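model04.cif (mmCIF, C-alpha atoms) appears below.
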data_coords
loop_
_atom_site.label_atom_id
_atom_site.label_comp_id
_atom_site.auth_asym_id
_atom_site.auth_seq_id
_atom_site.Cartn_x
_atom_site.Cartn_y
_atom_site.Cartn_z
CA MET A 808 -57.14 14.52 -64.23
CA SER A 809 -59.31 16.92 -62.21
CA LYS A 810 -63.01 17.13 -62.94
CA ASN A 811 -62.69 20.86 -63.65
CA PHE A 812 -59.93 20.48 -66.22
CA GLU A 813 -61.89 17.67 -67.86
CA LEU A 814 -65.01 19.84 -67.91
CA THR A 815 -63.34 22.76 -69.68
CA GLN A 816 -61.73 20.44 -72.20
CA HIS A 817 -65.05 18.77 -73.00
CA VAL A 818 -66.70 22.13 -73.49
CA GLY A 819 -64.02 22.64 -76.12
CA ILE A 820 -63.63 26.38 -75.75
CA GLY A 821 -61.19 28.86 -74.35
CA LEU A 822 -59.01 31.87 -74.85
CA GLY A 823 -56.53 29.45 -76.26
CA GLY A 824 -57.78 27.37 -73.37
CA VAL A 825 -59.43 28.48 -70.18
CA ALA A 826 -58.66 31.31 -67.82
CA SER A 827 -59.13 30.77 -64.11
CA VAL A 828 -59.90 33.32 -61.45
CA ARG A 829 -59.55 32.52 -57.77
CA GLU A 830 -62.48 32.58 -55.37
CA THR A 831 -61.10 35.45 -53.29
CA ALA A 832 -61.54 37.80 -56.24
CA VAL A 833 -65.07 37.26 -57.38
CA GLY A 834 -66.71 34.45 -55.46
CA ALA A 835 -70.07 35.52 -54.08
CA THR A 836 -69.55 33.64 -50.85
CA ALA A 837 -69.84 34.40 -47.18
CA LYS A 838 -66.06 34.72 -47.00
CA ASN A 839 -66.12 37.61 -49.45
CA LYS A 840 -67.47 40.62 -47.57
CA ALA A 841 -66.37 43.25 -50.09
CA SER A 842 -69.47 45.00 -51.40
CA THR A 843 -68.11 47.54 -53.90
CA ILE A 844 -65.74 47.23 -56.83
CA ALA A 845 -63.24 49.48 -55.04
CA GLU A 846 -63.21 47.18 -52.00
CA ILE A 847 -63.00 44.07 -54.16
CA MET A 848 -60.02 45.43 -56.06
CA ALA A 849 -58.31 46.64 -52.89
CA GLU A 850 -58.71 43.29 -51.12
CA ALA A 851 -57.79 41.09 -54.09
CA PRO A 852 -54.45 39.28 -53.57
CA PRO A 853 -51.71 39.98 -56.14
CA ALA A 854 -52.15 36.50 -57.65
CA THR A 855 -55.83 37.19 -58.25
CA ARG A 856 -55.15 40.49 -59.98
CA GLU A 857 -52.50 38.79 -62.10
CA GLU A 858 -54.89 36.08 -63.26
CA SER A 859 -57.66 38.60 -63.93
CA LEU A 860 -55.25 40.78 -65.89
CA LYS A 861 -54.30 37.78 -68.03
CA LEU A 862 -57.97 37.44 -68.92
CA VAL A 863 -58.08 41.11 -69.97
CA GLN A 864 -54.93 40.75 -72.06
CA ARG A 865 -56.02 37.58 -73.78
CA LEU A 866 -59.47 38.95 -74.55
CA PHE A 867 -58.83 42.55 -75.53
CA LEU A 868 -55.12 43.26 -75.83
CA THR A 869 -53.71 40.51 -78.03
CA PRO A 870 -51.74 42.14 -80.86
CA GLU A 871 -51.67 39.05 -83.10
CA GLN A 872 -55.38 39.13 -83.82
CA THR A 873 -58.29 41.47 -84.14
CA SER A 874 -59.55 41.84 -80.59
CA PRO A 875 -63.29 41.89 -79.88
CA LYS A 876 -64.87 45.21 -79.05
CA ALA A 877 -68.18 44.07 -77.53
CA VAL A 878 -68.14 41.02 -75.25
CA VAL A 879 -70.92 39.34 -73.29
CA PHE A 880 -70.14 37.68 -69.95
CA ALA A 881 -72.63 34.97 -69.04
CA ALA A 882 -72.56 32.24 -66.42
CA ILE A 883 -73.86 28.75 -66.99
CA ASP A 884 -75.82 28.85 -63.71
CA SER A 885 -76.73 31.56 -61.23
CA GLY A 886 -74.28 32.23 -58.42
CA ASN A 887 -71.18 31.56 -60.55
CA GLY A 888 -69.72 35.02 -59.83
CA CYS A 889 -70.25 36.33 -63.35
CA THR A 890 -71.26 39.89 -62.41
CA ARG A 891 -68.22 40.47 -60.22
CA LEU A 892 -65.92 38.94 -62.80
CA CYS A 893 -67.36 41.19 -65.51
CA ALA A 894 -66.96 44.24 -63.26
CA ILE A 895 -63.35 43.35 -62.38
CA THR A 896 -62.52 42.78 -66.04
CA ALA A 897 -63.98 46.17 -66.98
CA GLN A 898 -62.07 47.88 -64.17
CA LEU A 899 -58.73 46.29 -65.10
CA LEU A 900 -59.31 46.98 -68.80
CA ALA A 901 -59.94 50.66 -68.03
CA GLU A 902 -56.72 50.77 -65.99
CA ASN A 903 -54.69 49.39 -68.88
CA VAL A 904 -56.05 51.25 -71.91
CA SER A 905 -56.53 54.90 -72.75
CA GLY A 906 -59.79 54.22 -74.58
CA SER A 907 -63.26 54.34 -73.08
CA VAL A 908 -64.87 51.28 -71.46
CA CYS A 909 -68.62 50.87 -71.05
CA LEU A 910 -69.97 48.22 -68.70
CA VAL A 911 -73.56 47.34 -69.59
CA GLU A 912 -76.08 45.87 -67.17
CA GLY A 913 -77.76 43.32 -69.41
CA ASN A 914 -79.24 41.42 -66.49
CA PHE A 915 -82.78 42.73 -66.23
CA ARG A 916 -83.63 39.77 -63.97
CA ALA A 917 -81.40 40.68 -61.03
CA PRO A 918 -79.37 43.87 -61.71
CA SER A 919 -76.53 44.49 -59.27
CA LEU A 920 -73.83 46.50 -61.06
CA PRO A 921 -75.01 49.90 -59.74
CA ASP A 922 -74.46 48.69 -56.17
CA LEU A 923 -70.98 47.44 -57.03
CA PHE A 924 -69.98 50.81 -58.49
CA GLY A 925 -71.89 52.96 -56.03
CA VAL A 926 -74.08 54.72 -58.59
CA ASP A 927 -77.84 55.00 -58.87
CA ASN A 928 -79.92 53.01 -61.32
CA HIS A 929 -81.81 56.02 -62.63
CA ARG A 930 -81.95 56.11 -66.43
CA GLY A 931 -80.24 53.17 -68.06
CA LEU A 932 -80.51 50.64 -70.85
CA ALA A 933 -84.25 49.99 -70.48
CA ASP A 934 -84.93 53.74 -70.54
CA SER A 935 -82.79 54.16 -73.66
CA LEU A 936 -84.99 51.60 -75.42
CA ARG A 937 -88.13 53.60 -74.59
CA GLN A 938 -86.82 57.13 -74.97
CA GLU A 939 -84.90 59.26 -77.45
CA GLY A 940 -81.47 60.75 -76.85
CA ALA A 941 -77.83 59.83 -77.29
CA ILE A 942 -76.83 56.60 -75.58
CA GLN A 943 -74.11 58.47 -73.66
CA GLY A 944 -76.85 60.37 -71.85
CA PHE A 945 -78.06 57.15 -70.25
CA ALA A 946 -74.61 56.01 -69.05
CA LYS A 947 -72.90 57.17 -65.86
CA GLN A 948 -69.22 57.64 -65.16
CA ALA A 949 -68.14 54.95 -62.71
CA GLY A 950 -64.96 55.92 -60.87
CA ARG A 951 -62.18 56.29 -63.42
CA GLU A 952 -62.58 58.90 -66.12
CA ASN A 953 -62.57 56.26 -68.88
CA ILE A 954 -65.09 53.78 -67.45
CA TRP A 955 -68.86 54.14 -67.76
CA LEU A 956 -71.79 52.11 -66.51
CA LEU A 957 -75.01 51.72 -68.49
CA SER A 958 -77.23 50.32 -65.76
CA SER A 959 -80.48 48.47 -66.39
CA GLY A 960 -82.52 51.59 -65.61
CA SER A 961 -86.26 51.62 -64.94
CA LEU A 962 -87.53 48.08 -65.21
CA GLY A 963 -91.18 47.34 -65.93
CA LYS A 964 -93.39 44.59 -67.23
CA ASP A 965 -92.15 45.29 -70.75
CA CYS A 966 -88.42 45.14 -69.97
CA ILE A 967 -87.81 41.57 -71.17
CA ASN A 968 -89.68 42.21 -74.43
CA LEU A 969 -87.49 45.28 -74.94
CA LEU A 970 -84.46 43.01 -75.32
CA HIS A 971 -85.91 41.64 -78.55
CA CYS A 972 -86.90 44.93 -80.18
CA ASP A 973 -85.14 46.50 -83.16
CA ARG A 974 -84.28 49.44 -80.94
CA MET A 975 -81.84 47.20 -79.05
CA LYS A 976 -79.82 46.63 -82.23
CA GLU A 977 -79.69 50.38 -82.78
CA ARG A 978 -78.58 51.08 -79.22
CA VAL A 979 -75.80 48.47 -79.34
CA ALA A 980 -74.62 49.99 -82.60
CA GLU A 981 -74.54 53.38 -80.86
CA LEU A 982 -72.53 51.89 -77.99
CA ARG A 983 -69.97 50.61 -80.49
CA SER A 984 -69.62 54.10 -81.93
CA ALA A 985 -69.51 55.89 -78.59
CA PHE A 986 -67.12 53.62 -76.64
CA ASP A 987 -63.94 51.72 -77.44
CA TYR A 988 -64.84 48.64 -75.38
CA ILE A 989 -68.21 47.26 -74.30
CA LEU A 990 -68.65 44.55 -71.66
CA ILE A 991 -72.17 43.21 -71.13
CA ASP A 992 -73.16 41.34 -67.98
CA ALA A 993 -75.97 38.91 -68.87
CA PRO A 994 -78.17 36.50 -66.88
CA PRO A 995 -77.21 32.81 -66.61
CA LEU A 996 -77.59 30.89 -69.86
CA ASN A 997 -79.02 27.80 -68.22
CA SER A 998 -82.04 29.80 -67.03
CA TYR A 999 -82.70 32.51 -69.60
CA ALA A 1000 -82.13 33.26 -73.29
CA ASP A 1001 -81.20 36.92 -72.69
CA ALA A 1002 -77.47 36.30 -73.15
CA MET A 1003 -78.20 34.78 -76.56
CA VAL A 1004 -79.90 38.03 -77.58
CA PHE A 1005 -76.87 40.07 -76.54
CA GLY A 1006 -74.49 37.50 -78.03
CA ARG A 1007 -75.97 38.00 -81.50
CA LEU A 1008 -75.28 41.73 -81.22
CA ALA A 1009 -71.81 41.45 -79.68
CA ASP A 1010 -68.54 39.94 -80.93
CA GLY A 1011 -68.88 36.88 -78.75
CA VAL A 1012 -69.51 35.41 -75.32
CA VAL A 1013 -67.26 34.52 -72.40
CA LEU A 1014 -68.73 31.63 -70.40
CA VAL A 1015 -68.30 31.62 -66.62
CA LEU A 1016 -68.16 28.19 -65.01
CA GLU A 1017 -67.93 27.48 -61.30
CA ALA A 1018 -65.27 25.09 -60.09
CA ASN A 1019 -66.68 21.91 -58.52
CA ALA A 1020 -70.24 23.05 -59.26
CA THR A 1021 -70.96 23.52 -62.97
CA ARG A 1022 -72.22 20.28 -64.48
CA ARG A 1023 -70.50 19.13 -67.64
CA GLU A 1024 -73.83 18.38 -69.33
CA ALA A 1025 -75.11 21.89 -68.66
CA ALA A 1026 -71.92 23.50 -70.01
CA LEU A 1027 -71.96 21.34 -73.12
CA ARG A 1028 -75.63 22.08 -73.77
CA VAL A 1029 -75.01 25.82 -73.51
CA ALA A 1030 -71.90 25.70 -75.72
CA GLU A 1031 -73.75 23.70 -78.36
CA SER A 1032 -76.66 26.15 -78.33
CA LEU A 1033 -74.28 29.07 -78.85
CA GLN A 1034 -72.50 27.29 -81.67
CA ALA A 1035 -75.80 26.34 -83.31
CA THR A 1036 -76.80 30.01 -83.42
CA ARG A 1037 -73.31 31.00 -84.64
CA ILE A 1038 -72.51 33.05 -81.57
CA PRO A 1039 -68.72 32.95 -81.06
CA VAL A 1040 -67.57 31.57 -77.72
CA LEU A 1041 -64.48 33.63 -76.98
CA GLY A 1042 -63.45 31.69 -73.92
CA ALA A 1043 -64.38 30.17 -70.61
CA VAL A 1044 -63.47 31.22 -67.09
CA LEU A 1045 -63.25 28.62 -64.35
CA ASN A 1046 -64.34 30.74 -61.42
CA LYS A 1047 -64.07 30.21 -57.65
CA ARG A 1048 -61.15 27.84 -58.10
CA THR A 1049 -59.44 27.42 -54.74
CA PHE A 1050 -56.85 24.81 -55.71
CA PRO A 1051 -53.95 25.10 -58.14
CA ILE A 1052 -54.02 23.39 -61.51
CA PRO A 1053 -50.81 21.34 -61.92
CA SER A 1054 -48.27 23.27 -63.96
CA ALA A 1055 -48.05 20.51 -66.58
CA LEU A 1056 -51.76 20.87 -67.26
CA TYR A 1057 -51.82 24.65 -66.89
CA LYS A 1058 -49.41 24.95 -69.82
CA ARG A 1059 -51.99 23.23 -71.99
CA LEU A 1060 -54.70 25.77 -71.14
#

File written out as structure tokens:
Amino acid sequence: MSKNFELTQHVGIGLGGVASVRETAVGATAKNKASTIAEIMAEAPPATREESLKLVQRLFLTPEQTSPKAVVFAAIDSGNGCTRLCAITAQLLAENVSGSVCLVEGNFRAPSLPDLFGVDNHRGLADSLRQEGAIQGFAKQAGRENIWLLSSGSLGKDCINLLHCDRMKERVAELRSAFDYILIDAPPLNSYADAMVFGRLADGVVLVLEANATRREAALRVAESLQATRIPVLGAVLNKRTFPIPSALYKRL
């Protein structure tokens, strides 16, 4: 049994198992020179798009159950490709639904979504927590007519404290009313507690693990922390996987 399959089984979570996304789609490696979401989507092989679309379907478009509306994407460690995966998921979701999709930059530590979508970072989530006005006024249309980006905005010394204020709860509630789907990109759970803050306000968290890199102990510790605080773990994505999982095992995922 591969170490990666064993890892995801020990974590004990998944979208009925674990979804995997190949390295060529989201891996932040030297081999991946695509710098914008349009380039990433254009260069992604058909197999990568298919696997990413399965993640979208299993998360948001499953008819048998009530699908989550607000989902946090958080890696176990930095460099796991979480931001790109979250952006790809938002893009594919917007392509497959008529409703509105809002991608939220919840990573105040190292924001990068504006660069991926080619928009400026002027006025965003941090500004909405300091200022009045409808939440839609702080979001920017990002390519398709039904996808919006709420960037981090103007970051200052108070930005991390803003995550814990009551205003954040109000703004997330506004996002739920204004948009049909909300995807929040959060900092790595092994380094910061920010994703836990967003997780309490969302419908659950998708964990991003890196093939051949994420340590089992770290993943278990994070999963246990989420469960202890009653934050639903909606699934896990084994990212940057460059080898196929045997079909006999894949059927069990």

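Picked out by the PyMOL selection byres ((chain A and resi 923) around 8) when it runs on this file: Ser842, Thr843, Ile844, Ser919, Leu920, Pro921, Asp922, Phe924 and Gly925 of chain A.
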
If you count only C-alpha atoms, the residue of A:Val926, A:Met1003, A:Ala1009, A:Leu860 closest to A:Ala1035 turns out to be A:Met1003

Which of A:Ser907, A:Phe915, A:Glu846, A:Thr873 sits closest to A:Tyr999 [using only C-alpha atoms]: A:Phe915

How close does stretch 830-933 of chain A get to stretch 979-990 of chain A? List, as JSON lines, each residue of stretch 830-933 of chain A within 8 Å, its nearest atom pair and the distance in Å to one decimal, counting only C-alpha atoms.
{"residue": "A:Lys876", "atom": "CA", "partner": "A:Tyr988", "partner_atom": "CA", "distance": 5.0}
{"residue": "A:Ala877", "atom": "CA", "partner": "A:Ile989", "partner_atom": "CA", "distance": 4.5}
{"residue": "A:Val878", "atom": "CA", "partner": "A:Leu990", "partner_atom": "CA", "distance": 5.1}
{"residue": "A:Val879", "atom": "CA", "partner": "A:Leu990", "partner_atom": "CA", "distance": 5.9}
{"residue": "A:Phe880", "atom": "CA", "partner": "A:Leu990", "partner_atom": "CA", "distance": 7.2}
{"residue": "A:Cys893", "atom": "CA", "partner": "A:Leu990", "partner_atom": "CA", "distance": 7.1}
{"residue": "A:Ala897", "atom": "CA", "partner": "A:Leu990", "partner_atom": "CA", "distance": 6.8}
{"residue": "A:Gly906", "atom": "CA", "partner": "A:Asp987", "partner_atom": "CA", "distance": 5.6}
{"residue": "A:Ser907", "atom": "CA", "partner": "A:Asp987", "partner_atom": "CA", "distance": 5.1}
{"residue": "A:Val908", "atom": "CA", "partner": "A:Tyr988", "partner_atom": "CA", "distance": 4.7}
{"residue": "A:Cys909", "atom": "CA", "partner": "A:Ile989", "partner_atom": "CA", "distance": 4.9}
{"residue": "A:Leu910", "atom": "CA", "partner": "A:Leu990", "partner_atom": "CA", "distance": 4.9}
{"residue": "A:Val911", "atom": "CA", "partner": "A:Leu990", "partner_atom": "CA", "distance": 6.0}

For the selection just defined, write its residues with C-alpha atoms to a file, as a PDB file, in the coordinates of the input.
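Result file is part14.pdb:
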ATOM      1  CA  LYS A 876     -64.870  45.210 -79.050  1.00  0.00           C
ATOM      2  CA  ALA A 877     -68.180  44.070 -77.530  1.00  0.00           C
ATOM      3  CA  VAL A 878     -68.140  41.020 -75.250  1.00  0.00           C
ATOM      4  CA  VAL A 879     -70.920  39.340 -73.290  1.00  0.00           C
ATOM      5  CA  PHE A 880     -70.140  37.680 -69.950  1.00  0.00           C
ATOM      6  CA  CYS A 893     -67.360  41.190 -65.510  1.00  0.00           C
ATOM      7  CA  ALA A 897     -63.980  46.170 -66.980  1.00  0.00           C
ATOM      8  CA  GLY A 906     -59.790  54.220 -74.580  1.00  0.00           C
ATOM      9  CA  SER A 907     -63.260  54.340 -73.080  1.00  0.00           C
ATOM     10  CA  VAL A 908     -64.870  51.280 -71.460  1.00  0.00           C
ATOM     11  CA  CYS A 909     -68.620  50.870 -71.050  1.00  0.00           C
ATOM     12  CA  LEU A 910     -69.970  48.220 -68.700  1.00  0.00           C
ATOM     13  CA  VAL A 911     -73.560  47.340 -69.590  1.00  0.00           C
TER      14      VAL A 911
END

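The coordinates place atom CA of A:Ala881 at 24.9 Å from atom CA of A:Arg937.
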
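Taking atom CA of A:Pro994 and atom CA of A:Gly886 as endpoints, the distance between them is 10.2 Å.
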
If we count all atoms listed in the file and set the cut-off at 9 Å, which residues sit around A:Asn914, ignoring sequence neighbours fewer than 2 positions away in its own chain? Please answer as a PyMOL selection string. chain A and resi 911-912+916-919+959+991-995+1001-1002

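Nearest to A:Leu996 of all the residues A:Glu1031, A:Asp965, A:Asp1010, A:Glu977 is A:Glu1031, counting all atoms listed in the file.
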
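Take atom CA of A:Val863 and atom CA of A:Asn953: the distance between them is 15.8 Å.
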
Quick one: apply the PyMOL selection byres ((chain A and resi 1023-1030) around 7) to the file and drop the selected residues here as a ChimeraX atom specification. /A:814,818,883,996-997,1021-1022,1031-1034

Carefully work through the PyMOL selection byres ((chain A and resi 962-964) around 10) for this structure and note down the residues it includes, as number ranges by chain. A: 915-916, 918, 928, 930-934, 959-961, 965-969

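Nearest to A:Arg865 of all the residues A:Ala949, A:Asp927, A:Gly1042, A:Ile942 is A:Gly1042, counting all atoms listed in the file.
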
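Shortest separation to A:Leu900 among A:Arg978, A:His929, A:Lys861, A:Lys947 occurs at residue A:Lys861, atoms counted being all atoms listed in the file.
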
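Closest approach to A:Ile954 among A:Leu936, A:Leu970, A:Ala894, A:Leu868 is made by A:Ala894 (distances from all atoms listed in the file).
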